[in-house]
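The next block is final.pdb, given as PDB, C-alpha atoms.
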MODEL        1
ATOM      1  CA  MET A  19      -7.271 -48.498 -25.974  1.00  0.00           C
ATOM      2  CA  LYS A  20      -5.446 -47.195 -22.862  1.00  0.00           C
ATOM      3  CA  THR A  21      -3.311 -44.974 -25.063  1.00  0.00           C
ATOM      4  CA  LEU A  22      -6.388 -43.605 -26.803  1.00  0.00           C
ATOM      5  CA  HIS A  23      -8.025 -42.935 -23.455  1.00  0.00           C
ATOM      6  CA  LEU A  24      -4.959 -41.072 -22.195  1.00  0.00           C
ATOM      7  CA  VAL A  25      -4.762 -38.919 -25.311  1.00  0.00           C
ATOM      8  CA  SER A  26      -8.427 -38.040 -25.117  1.00  0.00           C
ATOM      9  CA  SER A  27      -7.946 -36.976 -21.497  1.00  0.00           C
ATOM     10  CA  LEU A  28      -5.073 -34.597 -22.215  1.00  0.00           C
ATOM     11  CA  PRO A  29      -7.251 -31.503 -22.890  1.00  0.00           C
ATOM     12  CA  PHE A  30      -8.981 -31.994 -19.542  1.00  0.00           C
ATOM     13  CA  LEU A  31      -5.682 -32.486 -17.698  1.00  0.00           C
ATOM     14  CA  PHE A  32      -4.179 -29.383 -19.307  1.00  0.00           C
ATOM     15  CA  THR A  33      -7.227 -27.264 -18.391  1.00  0.00           C
ATOM     16  CA  THR A  34      -7.092 -28.505 -14.785  1.00  0.00           C
ATOM     17  CA  LEU A  35      -3.360 -27.761 -14.505  1.00  0.00           C
ATOM     18  CA  LEU A  36      -3.832 -24.268 -15.971  1.00  0.00           C
ATOM     19  CA  PHE A  37      -6.619 -23.553 -13.499  1.00  0.00           C
ATOM     20  CA  HIS A  38      -4.434 -24.455 -10.526  1.00  0.00           C
ATOM     21  CA  LEU A  39      -1.493 -22.442 -11.840  1.00  0.00           C
ATOM     22  CA  GLN A  40      -3.718 -19.373 -12.073  1.00  0.00           C
ATOM     23  CA  GLN A  41      -4.503 -19.607  -8.368  1.00  0.00           C
ATOM     24  CA  THR A  42      -0.896 -19.447  -7.133  1.00  0.00           C
ATOM     25  CA  PRO A  43       0.254 -15.779  -7.449  1.00  0.00           C
ATOM     26  CA  ALA A  44       0.518 -13.685  -4.276  1.00  0.00           C
ATOM     27  CA  LEU A  45      -2.003 -11.305  -5.802  1.00  0.00           C
ATOM     28  CA  GLN A  46      -5.127 -13.297  -6.687  1.00  0.00           C
ATOM     29  CA  TYR A  47      -8.192 -12.020  -8.494  1.00  0.00           C
ATOM     30  CA  SER A  48     -11.679 -13.452  -8.539  1.00  0.00           C
ATOM     31  CA  SER A  49     -13.712 -11.484 -11.041  1.00  0.00           C
ATOM     32  CA  SER A  50     -17.369 -10.715 -11.490  1.00  0.00           C
ATOM     33  CA  SER A  51     -19.002  -8.494 -14.070  1.00  0.00           C
ATOM     34  CA  THR A  52     -18.401  -5.339 -12.020  1.00  0.00           C
ATOM     35  CA  ALA A  53     -15.756  -5.957  -9.368  1.00  0.00           C
ATOM     36  CA  THR A  54     -12.443  -7.631  -8.654  1.00  0.00           C
ATOM     37  CA  THR A  55     -11.349  -9.005  -5.283  1.00  0.00           C
ATOM     38  CA  ALA A  56      -7.619  -8.765  -4.576  1.00  0.00           C
ATOM     39  CA  THR A  57      -5.871 -10.618  -1.747  1.00  0.00           C
ATOM     40  CA  VAL A  58      -2.422  -9.314  -0.838  1.00  0.00           C
ATOM     41  CA  TYR A  59      -0.487 -10.287   2.287  1.00  0.00           C
ATOM     42  CA  GLY A  60      -3.663 -11.724   3.752  1.00  0.00           C
ATOM     43  CA  GLN A  61      -5.562  -8.468   3.191  1.00  0.00           C
ATOM     44  CA  THR A  62      -8.604  -8.592   0.936  1.00  0.00           C
ATOM     45  CA  THR A  63     -10.029  -5.619  -0.873  1.00  0.00           C
ATOM     46  CA  THR A  64     -12.400  -5.110  -3.762  1.00  0.00           C
ATOM     47  CA  ILE A  65     -11.820  -2.778  -6.690  1.00  0.00           C
ATOM     48  CA  MET A  66     -13.934  -2.242  -9.749  1.00  0.00           C
ATOM     49  CA  GLN A  67     -13.103  -4.672 -12.514  1.00  0.00           C
ATOM     50  CA  PRO A  68     -11.166  -3.140 -15.420  1.00  0.00           C
ATOM     51  CA  THR A  69     -12.517  -3.630 -18.894  1.00  0.00           C
ATOM     52  CA  SER A  70     -10.661  -3.811 -22.187  1.00  0.00           C
ATOM     53  CA  ALA A  71     -10.685  -1.347 -25.080  1.00  0.00           C
ATOM     54  CA  PRO A  72     -12.343   1.604 -23.297  1.00  0.00           C
ATOM     55  CA  ALA A  73     -14.295   3.999 -25.464  1.00  0.00           C
ATOM     56  CA  ALA A  74     -12.431   7.227 -26.250  1.00  0.00           C
ATOM     57  CA  ASN A  75     -15.145   9.437 -24.778  1.00  0.00           C
ATOM     58  CA  ASN A  76     -14.940   7.510 -21.497  1.00  0.00           C
ATOM     59  CA  THR A  77     -11.174   7.943 -21.182  1.00  0.00           C
ATOM     60  CA  ASP A  78     -11.511  11.602 -22.199  1.00  0.00           C
ATOM     61  CA  PHE A  79     -13.965  12.075 -19.332  1.00  0.00           C
ATOM     62  CA  ILE A  80     -11.442  10.622 -16.885  1.00  0.00           C
ATOM     63  CA  ARG A  81      -8.568  12.712 -18.246  1.00  0.00           C
ATOM     64  CA  LYS A  82     -10.652  15.889 -18.013  1.00  0.00           C
ATOM     65  CA  SER A  83     -11.746  15.027 -14.464  1.00  0.00           C
ATOM     66  CA  CYS A  84      -8.171  14.309 -13.406  1.00  0.00           C
ATOM     67  CA  LYS A  85      -7.074  17.791 -14.464  1.00  0.00           C
ATOM     68  CA  THR A  86      -8.739  19.059 -11.279  1.00  0.00           C
ATOM     69  CA  THR A  87      -6.284  17.048  -9.150  1.00  0.00           C
ATOM     70  CA  LEU A  88      -2.744  17.851  -8.027  1.00  0.00           C
ATOM     71  CA  TYR A  89      -1.344  14.751  -9.709  1.00  0.00           C
ATOM     72  CA  PRO A  90      -3.306  14.394 -12.948  1.00  0.00           C
ATOM     73  CA  GLU A  91      -1.062  11.808 -14.622  1.00  0.00           C
ATOM     74  CA  LEU A  92      -1.183   9.467 -11.635  1.00  0.00           C
ATOM     75  CA  CYS A  93      -4.919  10.052 -11.447  1.00  0.00           C
ATOM     76  CA  TYR A  94      -5.425   9.160 -15.090  1.00  0.00           C
ATOM     77  CA  ASP A  95      -3.093   6.157 -15.005  1.00  0.00           C
ATOM     78  CA  SER A  96      -4.892   4.666 -11.999  1.00  0.00           C
ATOM     79  CA  LEU A  97      -8.402   5.242 -13.346  1.00  0.00           C
ATOM     80  CA  ALA A  98      -8.137   4.816 -17.128  1.00  0.00           C
ATOM     81  CA  ARG A  99      -8.359   1.024 -16.931  1.00  0.00           C
ATOM     82  CA  TYR A 100     -11.820   1.416 -15.398  1.00  0.00           C
ATOM     83  CA  ALA A 101     -13.098   3.790 -18.093  1.00  0.00           C
ATOM     84  CA  ASN A 102     -15.838   1.463 -19.317  1.00  0.00           C
ATOM     85  CA  VAL A 103     -17.070   1.022 -15.750  1.00  0.00           C
ATOM     86  CA  VAL A 104     -17.073   4.764 -15.085  1.00  0.00           C
ATOM     87  CA  GLN A 105     -18.798   5.596 -18.393  1.00  0.00           C
ATOM     88  CA  GLN A 106     -18.718   9.352 -17.690  1.00  0.00           C
ATOM     89  CA  ASP A 107     -20.596   8.833 -14.427  1.00  0.00           C
ATOM     90  CA  PRO A 108     -19.233  11.163 -11.702  1.00  0.00           C
ATOM     91  CA  ASP A 109     -20.673   8.910  -8.983  1.00  0.00           C
ATOM     92  CA  GLN A 110     -18.755   5.907 -10.262  1.00  0.00           C
ATOM     93  CA  LEU A 111     -15.605   7.954 -10.815  1.00  0.00           C
ATOM     94  CA  VAL A 112     -15.490   9.124  -7.208  1.00  0.00           C
ATOM     95  CA  ARG A 113     -16.277   5.717  -5.747  1.00  0.00           C
ATOM     96  CA  ILE A 114     -13.615   3.982  -7.829  1.00  0.00           C
ATOM     97  CA  ALA A 115     -11.006   6.645  -7.005  1.00  0.00           C
ATOM     98  CA  VAL A 116     -11.639   6.218  -3.286  1.00  0.00           C
ATOM     99  CA  ARG A 117     -11.699   2.430  -3.638  1.00  0.00           C
ATOM    100  CA  ILE A 118      -8.322   2.435  -5.399  1.00  0.00           C
ATOM    101  CA  SER A 119      -6.902   4.678  -2.673  1.00  0.00           C
ATOM    102  CA  LEU A 120      -8.166   2.218  -0.070  1.00  0.00           C
ATOM    103  CA  ALA A 121      -6.617  -0.730  -1.893  1.00  0.00           C
ATOM    104  CA  GLU A 122      -3.258   1.071  -1.991  1.00  0.00           C
ATOM    105  CA  ALA A 123      -3.472   1.996   1.696  1.00  0.00           C
ATOM    106  CA  LYS A 124      -4.276  -1.566   2.759  1.00  0.00           C
ATOM    107  CA  LEU A 125      -0.938  -2.759   1.371  1.00  0.00           C
ATOM    108  CA  MET A 126       1.078  -0.560   3.734  1.00  0.00           C
ATOM    109  CA  PRO A 127       0.563  -2.082   7.224  1.00  0.00           C
ATOM    110  CA  ALA A 128       1.972  -5.463   6.162  1.00  0.00           C
ATOM    111  CA  TYR A 129       4.958  -3.723   4.585  1.00  0.00           C
ATOM    112  CA  VAL A 130       5.681  -1.663   7.722  1.00  0.00           C
ATOM    113  CA  SER A 131       5.125  -4.691   9.958  1.00  0.00           C
ATOM    114  CA  ASN A 132       7.674  -6.626   7.934  1.00  0.00           C
ATOM    115  CA  LEU A 133      10.218  -3.842   8.477  1.00  0.00           C
ATOM    116  CA  THR A 134       9.692  -3.865  12.242  1.00  0.00           C
ATOM    117  CA  HIS A 135      10.510  -7.576  12.336  1.00  0.00           C
ATOM    118  CA  GLN A 136      13.832  -7.085  10.574  1.00  0.00           C
ATOM    119  CA  THR A 137      16.779  -7.065  12.981  1.00  0.00           C
ATOM    120  CA  GLU A 138      18.171  -3.714  11.890  1.00  0.00           C
ATOM    121  CA  TYR A 139      14.818  -1.975  12.345  1.00  0.00           C
ATOM    122  CA  GLY A 140      13.229  -3.972  15.184  1.00  0.00           C
ATOM    123  CA  ALA A 141      14.347  -4.672  18.735  1.00  0.00           C
ATOM    124  CA  GLY A 142      17.676  -3.039  19.497  1.00  0.00           C
ATOM    125  CA  ALA A 143      17.475  -0.686  16.531  1.00  0.00           C
ATOM    126  CA  ASP A 144      17.980   3.067  16.665  1.00  0.00           C
ATOM    127  CA  PRO A 145      15.068   4.259  18.872  1.00  0.00           C
ATOM    128  CA  ARG A 146      14.253   6.925  16.301  1.00  0.00           C
ATOM    129  CA  VAL A 147      13.726   4.251  13.653  1.00  0.00           C
ATOM    130  CA  ALA A 148      11.684   1.971  15.908  1.00  0.00           C
ATOM    131  CA  ASN A 149       9.469   4.830  17.089  1.00  0.00           C
ATOM    132  CA  ALA A 150       8.950   6.160  13.557  1.00  0.00           C
ATOM    133  CA  LEU A 151       7.932   2.724  12.282  1.00  0.00           C
ATOM    134  CA  HIS A 152       5.552   2.164  15.203  1.00  0.00           C
ATOM    135  CA  ASP A 153       3.911   5.560  14.777  1.00  0.00           C
ATOM    136  CA  CYS A 154       3.714   5.126  11.012  1.00  0.00           C
ATOM    137  CA  SER A 155       1.964   1.770  11.376  1.00  0.00           C
ATOM    138  CA  THR A 156      -0.571   3.300  13.770  1.00  0.00           C
ATOM    139  CA  VAL A 157      -1.448   6.334  11.663  1.00  0.00           C
ATOM    140  CA  LEU A 158      -1.636   4.321   8.433  1.00  0.00           C
ATOM    141  CA  ARG A 159      -4.229   2.047  10.024  1.00  0.00           C
ATOM    142  CA  ASP A 160      -6.130   5.176  11.057  1.00  0.00           C
ATOM    143  CA  ALA A 161      -5.914   6.408   7.460  1.00  0.00           C
ATOM    144  CA  ILE A 162      -7.307   3.108   6.185  1.00  0.00           C
ATOM    145  CA  GLU A 163     -10.279   3.398   8.523  1.00  0.00           C
ATOM    146  CA  GLN A 164     -11.008   6.964   7.361  1.00  0.00           C
ATOM    147  CA  ILE A 165     -10.931   5.920   3.706  1.00  0.00           C
ATOM    148  CA  ARG A 166     -13.018   2.841   4.471  1.00  0.00           C
ATOM    149  CA  ILE A 167     -15.835   4.803   6.088  1.00  0.00           C
ATOM    150  CA  SER A 168     -15.652   7.358   3.264  1.00  0.00           C
ATOM    151  CA  LEU A 169     -16.235   4.617   0.723  1.00  0.00           C
ATOM    152  CA  LYS A 170     -19.096   3.221   2.769  1.00  0.00           C
ATOM    153  CA  GLN A 171     -20.710   6.653   2.954  1.00  0.00           C
ATOM    154  CA  LEU A 172     -20.357   7.155  -0.810  1.00  0.00           C
ATOM    155  CA  GLY A 173     -22.327   3.956  -1.296  1.00  0.00           C
ATOM    156  CA  HIS A 174     -25.289   5.394   0.624  1.00  0.00           C
ATOM    157  CA  LEU A 175     -25.593   8.933  -0.683  1.00  0.00           C
ATOM    158  CA  GLY A 176     -29.062  10.374  -0.842  1.00  0.00           C
ATOM    159  CA  SER A 177     -30.524  12.728  -3.423  1.00  0.00           C
ATOM    160  CA  PRO A 178     -29.163  16.303  -3.567  1.00  0.00           C
ATOM    161  CA  GLY A 179     -30.425  18.134  -0.506  1.00  0.00           C
ATOM    162  CA  PRO A 180     -29.557  18.682   3.180  1.00  0.00           C
ATOM    163  CA  THR A 181     -28.862  14.983   3.787  1.00  0.00           C
ATOM    164  CA  PHE A 182     -26.610  14.776   0.755  1.00  0.00           C
ATOM    165  CA  VAL A 183     -24.648  17.851   1.874  1.00  0.00           C
ATOM    166  CA  PHE A 184     -24.143  16.348   5.324  1.00  0.00           C
ATOM    167  CA  GLN A 185     -23.034  13.002   3.893  1.00  0.00           C
ATOM    168  CA  VAL A 186     -20.520  14.354   1.395  1.00  0.00           C
ATOM    169  CA  SER A 187     -19.219  16.808   3.984  1.00  0.00           C
ATOM    170  CA  ASN A 188     -18.385  13.785   6.134  1.00  0.00           C
ATOM    171  CA  VAL A 189     -16.563  12.170   3.221  1.00  0.00           C
ATOM    172  CA  GLN A 190     -14.505  15.318   2.670  1.00  0.00           C
ATOM    173  CA  THR A 191     -13.608  15.415   6.367  1.00  0.00           C
ATOM    174  CA  TRP A 192     -12.659  11.741   6.516  1.00  0.00           C
ATOM    175  CA  MET A 193     -10.568  11.797   3.342  1.00  0.00           C
ATOM    176  CA  SER A 194      -8.782  14.925   4.572  1.00  0.00           C
ATOM    177  CA  ALA A 195      -8.089  13.143   7.854  1.00  0.00           C
ATOM    178  CA  ALA A 196      -6.686  10.145   5.960  1.00  0.00           C
ATOM    179  CA  LEU A 197      -4.330  12.429   4.071  1.00  0.00           C
ATOM    180  CA  THR A 198      -3.202  14.024   7.336  1.00  0.00           C
ATOM    181  CA  TYR A 199      -2.500  10.614   8.864  1.00  0.00           C
ATOM    182  CA  GLU A 200      -0.417   9.635   5.826  1.00  0.00           C
ATOM    183  CA  GLU A 201       1.569  12.869   6.058  1.00  0.00           C
ATOM    184  CA  THR A 202       2.133  12.210   9.775  1.00  0.00           C
ATOM    185  CA  CYS A 203       3.774   8.907   8.861  1.00  0.00           C
ATOM    186  CA  THR A 204       6.438  10.511   6.680  1.00  0.00           C
ATOM    187  CA  ASP A 205       6.867  13.461   9.062  1.00  0.00           C
ATOM    188  CA  GLY A 206       7.878  10.957  11.737  1.00  0.00           C
ATOM    189  CA  PHE A 207      10.964  10.033   9.702  1.00  0.00           C
ATOM    190  CA  SER A 208      12.362  13.568   9.608  1.00  0.00           C
ATOM    191  CA  ASP A 209      14.874  12.700  12.375  1.00  0.00           C
ATOM    192  CA  VAL A 210      15.709   9.243  10.987  1.00  0.00           C
ATOM    193  CA  PRO A 211      19.044   9.047   9.122  1.00  0.00           C
ATOM    194  CA  ASP A 212      18.738   8.701   5.351  1.00  0.00           C
ATOM    195  CA  GLY A 213      19.029   5.192   3.984  1.00  0.00           C
ATOM    196  CA  PRO A 214      17.382   2.605   1.708  1.00  0.00           C
ATOM    197  CA  MET A 215      14.595   1.754   4.176  1.00  0.00           C
ATOM    198  CA  LYS A 216      13.622   5.375   4.780  1.00  0.00           C
ATOM    199  CA  SER A 217      13.759   6.179   1.073  1.00  0.00           C
ATOM    200  CA  ASP A 218      11.636   3.176   0.084  1.00  0.00           C
ATOM    201  CA  LEU A 219       9.032   3.605   2.807  1.00  0.00           C
ATOM    202  CA  CYS A 220       8.653   7.344   2.289  1.00  0.00           C
ATOM    203  CA  GLY A 221       8.400   6.763  -1.467  1.00  0.00           C
ATOM    204  CA  ARG A 222       5.588   4.283  -0.991  1.00  0.00           C
ATOM    205  CA  VAL A 223       3.723   6.557   1.396  1.00  0.00           C
ATOM    206  CA  LEU A 224       4.248   9.486  -0.968  1.00  0.00           C
ATOM    207  CA  LYS A 225       2.470   7.582  -3.735  1.00  0.00           C
ATOM    208  CA  LEU A 226      -0.343   6.756  -1.302  1.00  0.00           C
ATOM    209  CA  LYS A 227      -0.608  10.419  -0.293  1.00  0.00           C
ATOM    210  CA  GLU A 228      -0.836  11.454  -3.948  1.00  0.00           C
ATOM    211  CA  MET A 229      -3.574   8.911  -4.638  1.00  0.00           C
ATOM    212  CA  THR A 230      -5.501   9.986  -1.553  1.00  0.00           C
ATOM    213  CA  SER A 231      -5.073  13.623  -2.542  1.00  0.00           C
ATOM    214  CA  ASN A 232      -6.409  12.861  -6.006  1.00  0.00           C
ATOM    215  CA  ALA A 233      -9.398  10.994  -4.601  1.00  0.00           C
ATOM    216  CA  LEU A 234     -10.161  13.901  -2.277  1.00  0.00           C
ATOM    217  CA  ALA A 235      -9.907  16.381  -5.154  1.00  0.00           C
ATOM    218  CA  LEU A 236     -12.381  14.323  -7.188  1.00  0.00           C
ATOM    219  CA  VAL A 237     -14.712  14.213  -4.177  1.00  0.00           C
ATOM    220  CA  ASN A 238     -14.472  17.994  -3.808  1.00  0.00           C
ATOM    221  CA  ASN A 239     -15.199  18.466  -7.508  1.00  0.00           C
ATOM    222  CA  TYR A 240     -18.128  16.057  -7.264  1.00  0.00           C
ATOM    223  CA  VAL A 241     -19.563  17.999  -4.318  1.00  0.00           C
ATOM    224  CA  ALA A 242     -19.205  21.322  -6.151  1.00  0.00           C
ATOM    225  CA  ARG A 243     -21.136  19.935  -9.142  1.00  0.00           C
ATOM    226  CA  ASN A 244     -24.007  18.699  -6.961  1.00  0.00           C
ATOM    227  CA  LEU A 245     -24.598  21.671  -4.678  1.00  0.00           C
TER     228      LEU A 245
ENDMDL
END
Target encoding structure tokens, full file:
Amino acid sequence: MKTLHLVSSLPFLFTTLLFHLQQTPALQYSSSSTATTATVYGQTTTIMQPTSAPAANNTDFIRKSCKTTLYPELCYDSLARYANVVQQDPDQLVRIAVRISLAEAKLMPAYVSNLTHQTEYGAGADPRVANALHDCSTVLRDAIEQIRISLKQLGHLGSPGPTFVFQVSNVQTWMSAALTYEETCTDGFSDVPDGPMKSDLCGRVLKLKEMTSNALALVNNYVARNL
């Protein structure tokens, strides 16, 4: 009887074990019908939940919209997985693009902080390296705040009219400021000797700049269509 009881309990034990295993990755997702929460390096952000098998007309809408950006392939690759959430809705497209840019930006401070705690880049390091890392950390946090308030504003847009123009003008200003802050980070490494750290950090920030640029381009296109 004990053996029978143990065998009958195996499905439950397996399900419980699988559940706990799914909670262990550094990047954890808790999904709802419309959004996904990601926790990375202690930072939590929410992005729209991707859906499977997007309809062709939805992905075509995203590809066409991304042609207005400077980096259309990156734009399409980052947004295509959310095609069934966008559903050819310019409002959703812009919000998701900005949200993805924010999620990417929020990964950077922990990465830069980790570099500053490494012996070769922290205390006693080449002052040019230490100063560049410090300044980069500061401006990236400023960029995050600009993207954050842009996303918040996009969630409270009014109907087309004077208020709408004022609101989206603010978003354009804030996203442009975020892009400037990101560029300031990489500019600060112009006097730092070339090496693996500089190459990796500048590469990461370059991708962030491209995603922010794409989000801003989609915002600008959205504004032009609604004025």
What residues come out when you apply the PyMOL selection byres ((chain A and resi 169) around 9) to this file, written as a PDB file with C-alpha atoms, in the coordinates of the input?
ATOM      1  CA  ARG A 113     -16.277   5.717  -5.747  1.00  0.00           C
ATOM      2  CA  ILE A 114     -13.615   3.982  -7.829  1.00  0.00           C
ATOM      3  CA  VAL A 116     -11.639   6.218  -3.286  1.00  0.00           C
ATOM      4  CA  ARG A 117     -11.699   2.430  -3.638  1.00  0.00           C
ATOM      5  CA  LEU A 120      -8.166   2.218  -0.070  1.00  0.00           C
ATOM      6  CA  GLN A 164     -11.008   6.964   7.361  1.00  0.00           C
ATOM      7  CA  ILE A 165     -10.931   5.920   3.706  1.00  0.00           C
ATOM      8  CA  ARG A 166     -13.018   2.841   4.471  1.00  0.00           C
ATOM      9  CA  ILE A 167     -15.835   4.803   6.088  1.00  0.00           C
ATOM     10  CA  SER A 168     -15.652   7.358   3.264  1.00  0.00           C
ATOM     11  CA  LYS A 170     -19.096   3.221   2.769  1.00  0.00           C
ATOM     12  CA  GLN A 171     -20.710   6.653   2.954  1.00  0.00           C
ATOM     13  CA  LEU A 172     -20.357   7.155  -0.810  1.00  0.00           C
ATOM     14  CA  GLY A 173     -22.327   3.956  -1.296  1.00  0.00           C
ATOM     15  CA  VAL A 189     -16.563  12.170   3.221  1.00  0.00           C
TER      16      VAL A 189
END
Please evaluate the PyMOL selection byres ((chain A and resi 97) around 9) against the displayed coordinates and give the resulting residues as a PyMOL selection string. chain A and resi 77+80-81+92-96+98-101+104+111+114-115+118
Closest contacts (stretch 68-140 of chain A/stretch 215-233 of chain A, max 8 Å, all atoms listed in the file) as a Markdown table:
| residue | atom | partner | partner_atom | distance |
| --- | --- | --- | --- | --- |
| A:Cys84 | CA | A:Asn232 | CA | 7.7 |
| A:Thr87 | CA | A:Asn232 | CA | 5.2 |
| A:Leu88 | CA | A:Asn232 | CA | 6.5 |
| A:Tyr89 | CA | A:Asn232 | CA | 6.6 |
| A:Pro90 | CA | A:Asn232 | CA | 7.8 |
| A:Leu92 | CA | A:Met229 | CA | 7.4 |
| A:Cys93 | CA | A:Asn232 | CA | 6.3 |
| A:Val112 | CA | A:Ala233 | CA | 6.9 |
| A:Ala115 | CA | A:Ala233 | CA | 5.2 |
| A:Val116 | CA | A:Ala233 | CA | 5.4 |
| A:Ser119 | CA | A:Thr230 | CA | 5.6 |
| A:Glu122 | CA | A:Leu226 | CA | 6.4 |
| A:Ala123 | CA | A:Leu226 | CA | 6.4 |
| A:Met126 | CA | A:Val223 | CA | 7.9 |
| A:Val130 | CA | A:Leu219 | CA | 7.9 |
Determine the residue membership of the PyMOL selection byres ((chain A and resi 205) around 12) for the file above and supply it as a ChimeraX atom specification. /A:150-151,153-154,157,198-204,206-210,216,219-220,223-224
Just give me the gap between atom CA of A:Asp78 and atom CA of A:Val241 in Å, one decimal is fine. 20.6 Å
From the list A:Ser155, A:Asn238, A:Asn132, A:Thr86, which residue is nearest A:Asn188 when using all atoms listed in the file? A:Asn238
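Put simply, atom CA of A:Phe79 is 5.7 Å away from atom CA of A:Gln106.
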Computed interatomic separation between atom CA of A:Leu245 and atom CA of A:Asn75 (Å): 25.4 Å
